[in-house]
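**Q** Below is one structure. I have some questions about it.
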Amino acid sequence: MSLLFSVAIPVYGQSNPENNPGWMTISLDDLNAFENPGKNWIVAADAWGNYTQKGELEKIKEGKGVVINHPSEKNRTQLTTKQQFGDIEIALDFMMAKGSNSGVYLQGKYEVQLLDSWTKPVPTAGDCGGIYQRWDHSRPAGYKGYEGIAPLQNACRAPGLWQQLVIKFRAPRFNAQGNKIANARFEEVYLNGVLVQSQVEVTGPTRSPSLSDKENAQGPLLLQGDHGKVAFRNIRYRPLNIISVKLPNKAPIIITPNQHPYLLRSFMEFGGKKLTNVISMGDQLGLNYSYDLKEGSLFQVWRGRFLDATDMWHSRGQGQFAVPLGSIVPFSGAPSIAALSDKNEPWPDSVTFDELQDEGYELDKERIPTFSYVIKGTAVKDRIAPDPDQTGFVRTITIINPAANLYGRIISAGTIEQLSKELYRVNGSCYIRLDKRYRPQIRQTKEGTEMLVSLADPKIPLTYSIIW
């Protein structure tokens, strides 16, 4: 583990257009907002891509609100808006097929790269969230591409999951004679809520399929369609508003696991509440989670950098929070194990002080913890370990002397879609892989949907994978 001290502005931000007003939309009820859309673009209500099958991305619901690109040799056009933009903030959701390649071009010329860069430890300018390079055929071989900027970290999610891109773009400036006096600039780019580009100036258009090499004060939004399967939804925009940033008066304290997983106990804010009994584990390859010892709850996972512990040590006052630095996939803060009077009883939001006795955790030879606790007389062991392929976590819950009508809640979400006998997509933001032998019960709640599994047989540990 290392603690990094720096006097620079921390380069991990969060951006959520859902919490900000003033957005206008580009309609995806049809393709009327675009110039000459090709036959490779179709409109649907939702899409799905298999993270294990290269190039697979299909519509799964008829309707509107989603555009899907299925390029072929004859049909591989870009999707270009009729509307022109200058200084602009653009937000959209996208979904990549496994191995696919696309891009978002501001003014049809300046590209933020979209690529299936899932699990890649060190991204380049050609990876998802990169500012793609310019290209000059007159340069020597090996030097034709130049000025590409890699993302600050890999915040990419698995193929077939919805991802979010937010771009704050300043158009080039021209004088009265039409001469350029200032280059275009990407003020900020956020991928899945994480700042991946900051204050990037581009001296000219990106490599094709940009519309032309001539720069202008305004231009369309272009979605690349000539490389691979991709889907888009929720395209929003608003005028660019740059807020000046005040330099911090304290150096950030960043915790980075080195050769082994690292565990940190801290306070943490989640769901508007202050959790006081949290342990977070960071894997050296960038898989991280947070666990509430008070509830026996795995309440969030994220991929990328580990934790900012600045608030825990500087001016130790009200918060003292540790803050995740990657793209968070939130779950529920409720307990994972409960005894229900019948299968229709609502899942408890929490346990009382004397219902759960925390017995700490043990580390194996790889320094992966197994948490132990007793809930209403039932002993529980809970192990959450990185998958060997780095696709996510494998969680194994072992029960000793189970109480009557004991259940494990695997997930609670707005939507749970069954994609195959063993694979489920949750809120479009992660997968759950569960062996079909468990026969889960999926039921509706006031908040959405939840998946339960009976824990009546102590000989069969509950094991499932979380993939994102």
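Chain lettering (A, B, ...) mirrors the order of the structure tokens, residue numbering begins at 1 for each chain separately, and ligand numbering begins at 1 in order of display.
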Might you pull out every residue within 6 Å of range 319-334 of chain A, with only C-alpha atoms counted and same-chain residues fewer than 5 positions away left off, and present them as a list in words?

**A** Ala155, Asn192, Val194, Phe267, Met268, Ser297, Phe299, Gln300, Val301, Trp302, Arg303, Gly304, Arg305, Phe306, Leu307, Asp308, Ala309, Asp311, Met312, Asp349 and Ser350 of chain A

**Q** Just the residues within 10 Å of Ser72 in chain A, please, counting only C-alpha atoms, with nothing from its chain fewer than 6 positions along; format it as a PyMOL selection string.

**A** chain A and resi 39-40+225-229

**Q** Residues near Arg367 in chain A, anyone? I mean within 12 Å using only C-alpha atoms, not counting same-chain ones fewer than 6 positions away, as a short mmCIF file (atom, residue, chain, number, x, y, z; two decimals) with N, CA and C atoms, in the first residue's frame.

**A**
```cif
data_model
loop_
_atom_site.label_atom_id
_atom_site.label_comp_id
_atom_site.auth_asym_id
_atom_site.auth_seq_id
_atom_site.Cartn_x
_atom_site.Cartn_y
_atom_site.Cartn_z
N PRO A 257 -3.35 0.44 -3.31
CA PRO A 257 -2.77 -0.88 -3.05
C PRO A 257 -1.61 -1.15 -3.99
N GLN A 259 1.33 -4.42 -3.95
CA GLN A 259 1.48 -5.82 -4.33
C GLN A 259 0.38 -6.71 -3.81
N HIS A 260 -0.39 -6.24 -2.83
CA HIS A 260 -1.43 -7.07 -2.21
C HIS A 260 -2.69 -6.24 -2.02
N PRO A 261 -3.84 -6.91 -1.87
CA PRO A 261 -5.05 -6.16 -1.52
C PRO A 261 -4.85 -5.40 -0.21
N TYR A 262 -5.55 -4.27 -0.11
CA TYR A 262 -5.42 -3.43 1.08
C TYR A 262 -6.80 -3.19 1.68
N LEU A 263 -6.91 -3.28 3.00
CA LEU A 263 -8.16 -3.05 3.70
C LEU A 263 -8.06 -1.79 4.54
N MET A 281 -12.06 -2.83 0.65
CA MET A 281 -10.92 -3.59 0.15
C MET A 281 -10.57 -3.12 -1.25
N GLY A 282 -9.30 -2.85 -1.46
CA GLY A 282 -8.81 -2.47 -2.78
C GLY A 282 -7.84 -3.52 -3.30
N ASP A 283 -8.09 -3.98 -4.50
CA ASP A 283 -7.22 -4.95 -5.15
C ASP A 283 -6.16 -4.21 -5.95
N GLN A 284 -4.98 -4.77 -6.05
CA GLN A 284 -3.87 -4.09 -6.73
C GLN A 284 -4.12 -3.91 -8.23
N TYR A 361 -12.81 -10.59 10.89
CA TYR A 361 -12.52 -11.24 9.61
C TYR A 361 -11.16 -11.92 9.68
N ARG A 383 -17.25 -14.24 2.09
CA ARG A 383 -15.99 -13.99 1.39
C ARG A 383 -16.27 -13.34 0.03
N ILE A 384 -15.61 -12.22 -0.25
CA ILE A 384 -15.76 -11.49 -1.51
C ILE A 384 -14.37 -11.35 -2.11
N ALA A 385 -14.13 -12.06 -3.21
CA ALA A 385 -12.78 -12.14 -3.77
C ALA A 385 -12.80 -11.75 -5.24
N PRO A 386 -11.74 -11.10 -5.74
CA PRO A 386 -11.66 -10.80 -7.17
C PRO A 386 -11.68 -12.06 -8.00
#
```

**Q** Enumerate the residues of range 181-224 of chain A with a DSSP assignment of strand (DSSP E or B), computed from the backbone, and present them as a ChimeraX atom specification.

**A** /A:181-182,184-191,194-202,219,222-223

**Q** Could you dump the residues just selected with N, CA, C and O atoms as a PDB file, in the first residue's frame?

**A**
```pdb
ATOM      1  N   ILE A 181      -8.122  32.053 -33.741  1.00  0.00           N
ATOM      2  CA  ILE A 181      -7.316  32.730 -32.714  1.00  0.00           C
ATOM      3  C   ILE A 181      -7.231  31.904 -31.420  1.00  0.00           C
ATOM      4  O   ILE A 181      -6.464  32.246 -30.513  1.00  0.00           O
ATOM      5  N   ALA A 182      -8.003  30.827 -31.315  1.00  0.00           N
ATOM      6  CA  ALA A 182      -7.925  29.946 -30.143  1.00  0.00           C
ATOM      7  C   ALA A 182      -8.370  28.554 -30.555  1.00  0.00           C
ATOM      8  O   ALA A 182      -9.346  28.382 -31.308  1.00  0.00           O
ATOM      9  N   ALA A 184      -9.820  24.603 -30.179  1.00  0.00           N
ATOM     10  CA  ALA A 184     -10.887  23.917 -29.458  1.00  0.00           C
ATOM     11  C   ALA A 184     -10.312  23.297 -28.185  1.00  0.00           C
ATOM     12  O   ALA A 184      -9.123  22.987 -28.100  1.00  0.00           O
ATOM     13  N   ARG A 185     -11.186  23.096 -27.208  1.00  0.00           N
ATOM     14  CA  ARG A 185     -10.714  22.589 -25.913  1.00  0.00           C
ATOM     15  C   ARG A 185     -11.791  21.700 -25.284  1.00  0.00           C
ATOM     16  O   ARG A 185     -12.967  22.050 -25.241  1.00  0.00           O
ATOM     17  N   PHE A 186     -11.352  20.541 -24.807  1.00  0.00           N
ATOM     18  CA  PHE A 186     -12.194  19.716 -23.938  1.00  0.00           C
ATOM     19  C   PHE A 186     -11.925  20.172 -22.506  1.00  0.00           C
ATOM     20  O   PHE A 186     -10.878  19.869 -21.932  1.00  0.00           O
ATOM     21  N   GLU A 187     -12.874  20.914 -21.953  1.00  0.00           N
ATOM     22  CA  GLU A 187     -12.680  21.408 -20.586  1.00  0.00           C
ATOM     23  C   GLU A 187     -12.674  20.256 -19.590  1.00  0.00           C
ATOM     24  O   GLU A 187     -11.814  20.176 -18.721  1.00  0.00           O
ATOM     25  N   GLU A 188     -13.661  19.361 -19.732  1.00  0.00           N
ATOM     26  CA  GLU A 188     -13.729  18.175 -18.871  1.00  0.00           C
ATOM     27  C   GLU A 188     -14.466  17.074 -19.615  1.00  0.00           C
ATOM     28  O   GLU A 188     -15.389  17.340 -20.386  1.00  0.00           O
ATOM     29  N   VAL A 189     -14.062  15.833 -19.366  1.00  0.00           N
ATOM     30  CA  VAL A 189     -14.782  14.667 -19.854  1.00  0.00           C
ATOM     31  C   VAL A 189     -14.931  13.691 -18.690  1.00  0.00           C
ATOM     32  O   VAL A 189     -13.940  13.378 -18.002  1.00  0.00           O
ATOM     33  N   TYR A 190     -16.160  13.245 -18.468  1.00  0.00           N
ATOM     34  CA  TYR A 190     -16.441  12.278 -17.406  1.00  0.00           C
ATOM     35  C   TYR A 190     -16.941  10.982 -18.036  1.00  0.00           C
ATOM     36  O   TYR A 190     -17.822  11.002 -18.901  1.00  0.00           O
ATOM     37  N   LEU A 191     -16.379   9.863 -17.593  1.00  0.00           N
ATOM     38  CA  LEU A 191     -16.823   8.544 -18.026  1.00  0.00           C
ATOM     39  C   LEU A 191     -17.347   7.808 -16.805  1.00  0.00           C
ATOM     40  O   LEU A 191     -16.607   7.593 -15.837  1.00  0.00           O
ATOM     41  N   VAL A 194     -16.623   9.557 -13.550  1.00  0.00           N
ATOM     42  CA  VAL A 194     -15.227   9.776 -13.168  1.00  0.00           C
ATOM     43  C   VAL A 194     -14.562  10.732 -14.165  1.00  0.00           C
ATOM     44  O   VAL A 194     -14.682  10.547 -15.379  1.00  0.00           O
ATOM     45  N   LEU A 195     -13.860  11.719 -13.663  1.00  0.00           N
ATOM     46  CA  LEU A 195     -13.139  12.653 -14.529  1.00  0.00           C
ATOM     47  C   LEU A 195     -11.995  11.931 -15.226  1.00  0.00           C
ATOM     48  O   LEU A 195     -11.087  11.411 -14.581  1.00  0.00           O
ATOM     49  N   VAL A 196     -12.038  11.892 -16.580  1.00  0.00           N
ATOM     50  CA  VAL A 196     -10.989  11.204 -17.335  1.00  0.00           C
ATOM     51  C   VAL A 196     -10.197  12.147 -18.230  1.00  0.00           C
ATOM     52  O   VAL A 196      -9.129  11.776 -18.725  1.00  0.00           O
ATOM     53  N   GLN A 197     -10.702  13.373 -18.478  1.00  0.00           N
ATOM     54  CA  GLN A 197      -9.966  14.381 -19.242  1.00  0.00           C
ATOM     55  C   GLN A 197     -10.199  15.742 -18.593  1.00  0.00           C
ATOM     56  O   GLN A 197     -11.314  16.048 -18.164  1.00  0.00           O
ATOM     57  N   SER A 198      -9.145  16.561 -18.544  1.00  0.00           N
ATOM     58  CA  SER A 198      -9.265  17.896 -17.950  1.00  0.00           C
ATOM     59  C   SER A 198      -8.375  18.869 -18.711  1.00  0.00           C
ATOM     60  O   SER A 198      -7.174  18.643 -18.849  1.00  0.00           O
ATOM     61  N   GLN A 199      -8.984  19.945 -19.233  1.00  0.00           N
ATOM     62  CA  GLN A 199      -8.267  21.039 -19.880  1.00  0.00           C
ATOM     63  C   GLN A 199      -7.362  20.530 -21.010  1.00  0.00           C
ATOM     64  O   GLN A 199      -6.157  20.778 -21.036  1.00  0.00           O
ATOM     65  N   VAL A 200      -7.967  19.845 -21.979  1.00  0.00           N
ATOM     66  CA  VAL A 200      -7.225  19.297 -23.107  1.00  0.00           C
ATOM     67  C   VAL A 200      -7.484  20.161 -24.343  1.00  0.00           C
ATOM     68  O   VAL A 200      -8.615  20.253 -24.819  1.00  0.00           O
ATOM     69  N   GLU A 201      -6.436  20.773 -24.874  1.00  0.00           N
ATOM     70  CA  GLU A 201      -6.549  21.588 -26.080  1.00  0.00           C
ATOM     71  C   GLU A 201      -6.232  20.733 -27.297  1.00  0.00           C
ATOM     72  O   GLU A 201      -5.301  19.931 -27.290  1.00  0.00           O
ATOM     73  N   VAL A 202      -7.057  20.877 -28.354  1.00  0.00           N
ATOM     74  CA  VAL A 202      -6.810  20.144 -29.596  1.00  0.00           C
ATOM     75  C   VAL A 202      -6.547  21.154 -30.713  1.00  0.00           C
ATOM     76  O   VAL A 202      -7.324  22.073 -30.920  1.00  0.00           O
ATOM     77  N   GLY A 219     -20.767  23.304 -35.219  1.00  0.00           N
ATOM     78  CA  GLY A 219     -20.829  22.084 -36.002  1.00  0.00           C
ATOM     79  C   GLY A 219     -21.749  21.080 -35.332  1.00  0.00           C
ATOM     80  O   GLY A 219     -22.191  21.270 -34.192  1.00  0.00           O
ATOM     81  N   LEU A 222     -21.608  14.183 -33.934  1.00  0.00           N
ATOM     82  CA  LEU A 222     -21.485  13.004 -34.797  1.00  0.00           C
ATOM     83  C   LEU A 222     -21.228  11.776 -33.947  1.00  0.00           C
ATOM     84  O   LEU A 222     -20.323  11.770 -33.095  1.00  0.00           O
ATOM     85  N   LEU A 223     -22.019  10.729 -34.164  1.00  0.00           N
ATOM     86  CA  LEU A 223     -21.839   9.437 -33.502  1.00  0.00           C
ATOM     87  C   LEU A 223     -21.294   8.460 -34.537  1.00  0.00           C
ATOM     88  O   LEU A 223     -21.926   8.227 -35.573  1.00  0.00           O
TER      89      LEU A 223
END
```

**Q** Mind checking which residues fall within 6 Å of Tyr237 in chain A, counting only C-alpha atoms, ignoring those fewer than 2 positions away in the same chain, and posting them as an MDAnalysis selection string?

**A** chainID A and resid 23:24 89:90

**Q** Please, could you write that set of residues out with all heavy atoms as a compact mmCIF listing (two decimals), in the first residue's frame?

**A**
```txt
# COMPACT_ATOMS: atom_id res chain seq x y z
N TRP A 23 -31.18 20.82 -18.93
CA TRP A 23 -30.80 19.98 -20.05
C TRP A 23 -31.90 19.95 -21.10
O TRP A 23 -33.08 19.86 -20.80
CB TRP A 23 -30.51 18.55 -19.60
CG TRP A 23 -29.29 18.42 -18.77
CD1 TRP A 23 -29.20 18.44 -17.42
CD2 TRP A 23 -27.95 18.23 -19.24
NE1 TRP A 23 -27.91 18.28 -17.00
CE2 TRP A 23 -27.11 18.14 -18.11
CE3 TRP A 23 -27.39 18.12 -20.51
CZ2 TRP A 23 -25.74 17.96 -18.21
CZ3 TRP A 23 -26.02 17.93 -20.60
CH2 TRP A 23 -25.21 17.85 -19.47
N MET A 24 -31.52 19.99 -22.37
CA MET A 24 -32.41 19.77 -23.50
C MET A 24 -32.04 18.44 -24.14
O MET A 24 -30.92 17.96 -23.97
CB MET A 24 -32.27 20.92 -24.51
CG MET A 24 -32.76 22.26 -23.96
SD MET A 24 -32.21 23.69 -24.93
CE MET A 24 -30.54 23.90 -24.30
N GLU A 89 -22.18 21.48 -23.45
CA GLU A 89 -22.01 20.33 -22.56
C GLU A 89 -22.96 19.24 -23.06
O GLU A 89 -24.17 19.46 -23.18
CB GLU A 89 -22.32 20.69 -21.12
CG GLU A 89 -22.11 19.55 -20.15
CD GLU A 89 -22.30 19.94 -18.69
OE1 GLU A 89 -22.60 21.13 -18.42
OE2 GLU A 89 -22.14 19.07 -17.82
N ILE A 90 -22.41 18.09 -23.37
CA ILE A 90 -23.17 16.97 -23.91
C ILE A 90 -23.13 15.82 -22.91
O ILE A 90 -22.09 15.51 -22.33
CB ILE A 90 -22.57 16.49 -25.25
CG1 ILE A 90 -22.73 17.54 -26.34
CG2 ILE A 90 -23.19 15.17 -25.70
CD1 ILE A 90 -24.10 17.64 -26.93
```

**Q** If you run DSSP on the backbone, which residues of range 218-326 of chain A are helix (DSSP H, G or I), as a list in words?

**A**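 Put together, the selection reads Thr310, Asp311, Met312 and Trp313 of chain A.
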
**Q** Take the residues just selected and output them with all heavy atoms as a PDB file, in the first residue's frame.

**A**
```pdb
ATOM      1  N   THR A 310      -8.303  11.833   2.488  1.00  0.00           N
ATOM      2  CA  THR A 310      -7.963  13.179   2.944  1.00  0.00           C
ATOM      3  C   THR A 310      -8.843  13.622   4.103  1.00  0.00           C
ATOM      4  O   THR A 310      -8.362  14.150   5.115  1.00  0.00           O
ATOM      5  CB  THR A 310      -8.096  14.188   1.790  1.00  0.00           C
ATOM      6  OG1 THR A 310      -7.394  13.688   0.650  1.00  0.00           O
ATOM      7  CG2 THR A 310      -7.536  15.537   2.182  1.00  0.00           C
ATOM      8  N   ASP A 311     -10.146  13.405   3.970  1.00  0.00           N
ATOM      9  CA  ASP A 311     -11.090  13.888   4.977  1.00  0.00           C
ATOM     10  C   ASP A 311     -10.943  13.154   6.307  1.00  0.00           C
ATOM     11  O   ASP A 311     -11.395  13.639   7.346  1.00  0.00           O
ATOM     12  CB  ASP A 311     -12.521  13.735   4.449  1.00  0.00           C
ATOM     13  CG  ASP A 311     -13.535  14.484   5.289  1.00  0.00           C
ATOM     14  OD1 ASP A 311     -13.323  15.686   5.540  1.00  0.00           O
ATOM     15  OD2 ASP A 311     -14.526  13.869   5.713  1.00  0.00           O
ATOM     16  N   MET A 312     -10.304  11.990   6.281  1.00  0.00           N
ATOM     17  CA  MET A 312     -10.100  11.247   7.522  1.00  0.00           C
ATOM     18  C   MET A 312      -9.010  11.863   8.390  1.00  0.00           C
ATOM     19  O   MET A 312      -8.985  11.624   9.605  1.00  0.00           O
ATOM     20  CB  MET A 312      -9.731   9.795   7.203  1.00  0.00           C
ATOM     21  CG  MET A 312     -10.816   9.000   6.508  1.00  0.00           C
ATOM     22  SD  MET A 312     -10.257   7.333   6.045  1.00  0.00           S
ATOM     23  CE  MET A 312      -9.872   6.638   7.665  1.00  0.00           C
ATOM     24  N   TRP A 313      -8.103  12.662   7.775  1.00  0.00           N
ATOM     25  CA  TRP A 313      -6.928  13.123   8.501  1.00  0.00           C
ATOM     26  C   TRP A 313      -6.811  14.638   8.586  1.00  0.00           C
ATOM     27  O   TRP A 313      -6.296  15.155   9.568  1.00  0.00           O
ATOM     28  CB  TRP A 313      -5.674  12.540   7.845  1.00  0.00           C
ATOM     29  CG  TRP A 313      -5.686  11.049   7.854  1.00  0.00           C
ATOM     30  CD1 TRP A 313      -5.966  10.205   6.824  1.00  0.00           C
ATOM     31  CD2 TRP A 313      -5.468  10.206   8.988  1.00  0.00           C
ATOM     32  NE1 TRP A 313      -5.925   8.902   7.218  1.00  0.00           N
ATOM     33  CE2 TRP A 313      -5.604   8.864   8.557  1.00  0.00           C
ATOM     34  CE3 TRP A 313      -5.160  10.446  10.329  1.00  0.00           C
ATOM     35  CZ2 TRP A 313      -5.458   7.780   9.413  1.00  0.00           C
ATOM     36  CZ3 TRP A 313      -5.006   9.352  11.176  1.00  0.00           C
ATOM     37  CH2 TRP A 313      -5.147   8.054  10.712  1.00  0.00           C
TER      38      TRP A 313
END
```

**Q** For Trp41 in chain A, which residue among A:Leu152, A:Leu264, A:Ala231, A:Ala176 is the nearest when counting only C-alpha atoms?

**A**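 When distances to Trp41 in chain A are compared using only C-alpha atoms, the smallest one comes from A:Ala231.
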
**Q** Which is closest to Phe85 in chain A among A:Pro388, A:Pro335, A:Gly286, A:Pro172, if we use only C-alpha atoms?

**A**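 Selected residue with least distance to Phe85 in chain A: A:Pro172.
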
**Q** Rounded to one decimal in Å, what is the spacing between CA of Leu285 in chain A and CA of Phe393 in chain A?

**A**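 According to the coordinates, CA of Leu285 in chain A and CA of Phe393 in chain A are separated by 12.4 Å.
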
**Q** Between A:Asp457, A:Asp342, A:Asp93, A:Asp116, which one has atoms that come closest to Gly55 in chain A, using only C-alpha atoms?

**A**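 Closest to Gly55 in chain A of all the choices is A:Asp116.
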
**Q** Return the single residue from A:Thr398, A:Gln441, A:Ser412, A:Thr77 that is closest to Ile460 in chain A, with distances computed using only C-alpha atoms.

**A**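 Closest to Ile460 in chain A of all the choices is A:Thr398.
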
**Q** Between A:Thr203, A:Ser266, A:Asn216, A:Gln357, which one has atoms that come closest to Asn179 in chain A, using only C-alpha atoms?

**A**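 Result for the nearest residue to Asn179 in chain A: A:Asn216.
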
**Q** What does the structure give for the distance between CA of Ser372 in chain A and CA of Asp358 in chain A, in Å to one decimal?

**A**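 It comes out at 6.6 Å.
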
**Q** Extract, using only C-alpha atoms, all DNA, RNA and protein residues at most 10 Å from range 162-165 of chain A, discarding same-chain residues fewer than 3 positions from it, and format them as an mmCIF file with N, CA and C atoms, in the first residue's frame.

**A**
```
data_model
loop_
_atom_site.group_PDB
_atom_site.id
_atom_site.type_symbol
_atom_site.label_atom_id
_atom_site.label_comp_id
_atom_site.auth_asym_id
_atom_site.auth_seq_id
_atom_site.Cartn_x
_atom_site.Cartn_y
_atom_site.Cartn_z
ATOM 1 N N SER A 15 -19.651 13.528 -11.934
ATOM 2 C CA SER A 15 -20.593 14.333 -12.702
ATOM 3 C C SER A 15 -21.849 13.519 -12.934
ATOM 4 N N ASN A 16 -23.003 14.066 -12.575
ATOM 5 C CA ASN A 16 -24.261 13.368 -12.734
ATOM 6 C C ASN A 16 -25.291 14.312 -13.318
ATOM 7 N N PRO A 17 -25.557 14.232 -14.642
ATOM 8 C CA PRO A 17 -26.529 15.127 -15.257
ATOM 9 C C PRO A 17 -27.925 15.007 -14.673
ATOM 10 N N ALA A 47 -31.465 -2.343 -25.490
ATOM 11 C CA ALA A 47 -30.502 -3.203 -26.178
ATOM 12 C C ALA A 47 -29.810 -4.092 -25.154
ATOM 13 N N TRP A 48 -29.154 -5.118 -25.666
ATOM 14 C CA TRP A 48 -28.379 -6.027 -24.816
ATOM 15 C C TRP A 48 -27.190 -6.544 -25.596
ATOM 16 N N GLY A 49 -26.047 -6.603 -24.938
ATOM 17 C CA GLY A 49 -24.856 -7.182 -25.523
ATOM 18 C C GLY A 49 -24.265 -8.209 -24.595
ATOM 19 N N ILE A 90 -22.412 18.089 -23.367
ATOM 20 C CA ILE A 90 -23.172 16.965 -23.911
ATOM 21 C C ILE A 90 -23.131 15.822 -22.908
ATOM 22 N N ALA A 91 -24.283 15.176 -22.684
ATOM 23 C CA ALA A 91 -24.341 13.976 -21.854
ATOM 24 C C ALA A 91 -25.112 12.910 -22.610
ATOM 25 N N LEU A 92 -24.634 11.679 -22.559
ATOM 26 C CA LEU A 92 -25.338 10.577 -23.222
ATOM 27 C C LEU A 92 -24.963 9.257 -22.565
ATOM 28 N N ASP A 93 -25.817 8.260 -22.782
ATOM 29 C CA ASP A 93 -25.526 6.887 -22.374
ATOM 30 C C ASP A 93 -25.162 6.085 -23.618
ATOM 31 N N PHE A 94 -24.228 5.159 -23.459
ATOM 32 C CA PHE A 94 -23.840 4.301 -24.583
ATOM 33 C C PHE A 94 -23.606 2.883 -24.105
ATOM 34 N N MET A 95 -23.695 1.946 -25.033
ATOM 35 C CA MET A 95 -23.447 0.530 -24.760
ATOM 36 C C MET A 95 -22.572 -0.025 -25.877
ATOM 37 N N MET A 96 -21.495 -0.713 -25.502
ATOM 38 C CA MET A 96 -20.577 -1.286 -26.476
ATOM 39 C C MET A 96 -20.799 -2.794 -26.599
ATOM 40 N N VAL A 104 -17.534 9.686 -30.186
ATOM 41 C CA VAL A 104 -18.420 10.850 -30.157
ATOM 42 C C VAL A 104 -17.595 12.036 -30.620
ATOM 43 N N VAL A 112 -14.008 12.072 -28.808
ATOM 44 C CA VAL A 112 -13.804 11.304 -27.579
ATOM 45 C C VAL A 112 -14.032 9.844 -27.947
ATOM 46 N N LEU A 114 -14.754 5.912 -27.989
ATOM 47 C CA LEU A 114 -15.533 4.866 -27.337
ATOM 48 C C LEU A 114 -14.978 3.525 -27.801
ATOM 49 N N CYS A 128 -11.309 3.861 -24.297
ATOM 50 C CA CYS A 128 -12.552 4.558 -23.969
ATOM 51 C C CYS A 128 -12.272 5.750 -23.057
ATOM 52 N N GLY A 129 -12.787 6.921 -23.456
ATOM 53 C CA GLY A 129 -12.541 8.148 -22.707
ATOM 54 C C GLY A 129 -11.311 8.908 -23.156
ATOM 55 N N ALA A 155 -12.264 3.958 -16.569
ATOM 56 C CA ALA A 155 -13.555 3.899 -15.880
ATOM 57 C C ALA A 155 -14.577 3.130 -16.704
ATOM 58 N N CYS A 156 -14.106 2.302 -17.638
ATOM 59 C CA CYS A 156 -14.974 1.583 -18.580
ATOM 60 C C CYS A 156 -15.654 0.404 -17.892
ATOM 61 N N ARG A 157 -16.904 0.136 -18.285
ATOM 62 C CA ARG A 157 -17.637 -1.017 -17.783
ATOM 63 C C ARG A 157 -17.712 -2.108 -18.839
ATOM 64 N N ALA A 158 -18.290 -3.238 -18.460
ATOM 65 C CA ALA A 158 -18.320 -4.417 -19.324
ATOM 66 C C ALA A 158 -19.200 -4.192 -20.544
ATOM 67 N N PRO A 159 -18.898 -4.873 -21.653
ATOM 68 C CA PRO A 159 -19.780 -4.832 -22.814
ATOM 69 C C PRO A 159 -21.196 -5.253 -22.428
ATOM 70 N N VAL A 189 -14.062 15.833 -19.366
ATOM 71 C CA VAL A 189 -14.782 14.667 -19.854
ATOM 72 C C VAL A 189 -14.931 13.691 -18.690
ATOM 73 N N TYR A 190 -16.160 13.245 -18.468
ATOM 74 C CA TYR A 190 -16.441 12.278 -17.406
ATOM 75 C C TYR A 190 -16.941 10.982 -18.036
ATOM 76 N N LEU A 191 -16.379 9.863 -17.593
ATOM 77 C CA LEU A 191 -16.823 8.544 -18.026
ATOM 78 C C LEU A 191 -17.347 7.808 -16.805
ATOM 79 N N ASN A 192 -18.640 7.477 -16.826
ATOM 80 C CA ASN A 192 -19.278 6.795 -15.702
ATOM 81 C C ASN A 192 -19.054 7.536 -14.390
ATOM 82 N N GLY A 193 -19.141 8.868 -14.458
ATOM 83 C CA GLY A 193 -19.037 9.697 -13.268
ATOM 84 C C GLY A 193 -17.637 10.046 -12.846
ATOM 85 N N VAL A 194 -16.623 9.557 -13.550
ATOM 86 C CA VAL A 194 -15.227 9.776 -13.168
ATOM 87 C C VAL A 194 -14.562 10.732 -14.165
ATOM 88 N N ALA A 231 -24.754 1.255 -29.076
ATOM 89 C CA ALA A 231 -26.088 1.817 -28.869
ATOM 90 C C ALA A 231 -25.971 3.099 -28.069
ATOM 91 N N PHE A 232 -26.929 4.020 -28.283
ATOM 92 C CA PHE A 232 -26.964 5.286 -27.561
ATOM 93 C C PHE A 232 -28.382 5.555 -27.058
ATOM 94 N N ARG A 233 -28.463 6.279 -25.943
ATOM 95 C CA ARG A 233 -29.745 6.742 -25.431
ATOM 96 C C ARG A 233 -29.508 8.005 -24.588
ATOM 97 N N ASN A 234 -30.605 8.677 -24.215
ATOM 98 C CA ASN A 234 -30.545 9.826 -23.300
ATOM 99 C C ASN A 234 -29.515 10.868 -23.732
ATOM 100 N N ILE A 235 -29.581 11.316 -24.974
ATOM 101 C CA ILE A 235 -28.644 12.349 -25.445
ATOM 102 C C ILE A 235 -29.185 13.710 -25.027
ATOM 103 N N ASN A 427 -30.184 -3.161 -13.423
ATOM 104 C CA ASN A 427 -30.246 -1.717 -13.693
ATOM 105 C C ASN A 427 -29.438 -1.318 -14.937
ATOM 106 N N GLY A 428 -29.116 -2.283 -15.791
ATOM 107 C CA GLY A 428 -28.294 -1.996 -16.956
ATOM 108 C C GLY A 428 -26.858 -1.638 -16.619
ATOM 109 N N SER A 429 -26.449 -1.776 -15.330
ATOM 110 C CA SER A 429 -25.127 -1.298 -14.901
ATOM 111 C C SER A 429 -24.194 -2.388 -14.392
ATOM 112 N N CYS A 430 -24.695 -3.598 -14.175
ATOM 113 C CA CYS A 430 -23.819 -4.717 -13.794
ATOM 114 C C CYS A 430 -24.544 -6.019 -14.101
#
```

**Q** Name all residues at most 10 Å from Ser336 in chain A (count only C-alpha atoms; drop same-chain ones fewer than 2 positions away) and give them as a VMD selection string.

**A** chain A and resid 295 to 299 332 to 334 338 347 to 348 350 382 397 407 to 411 452
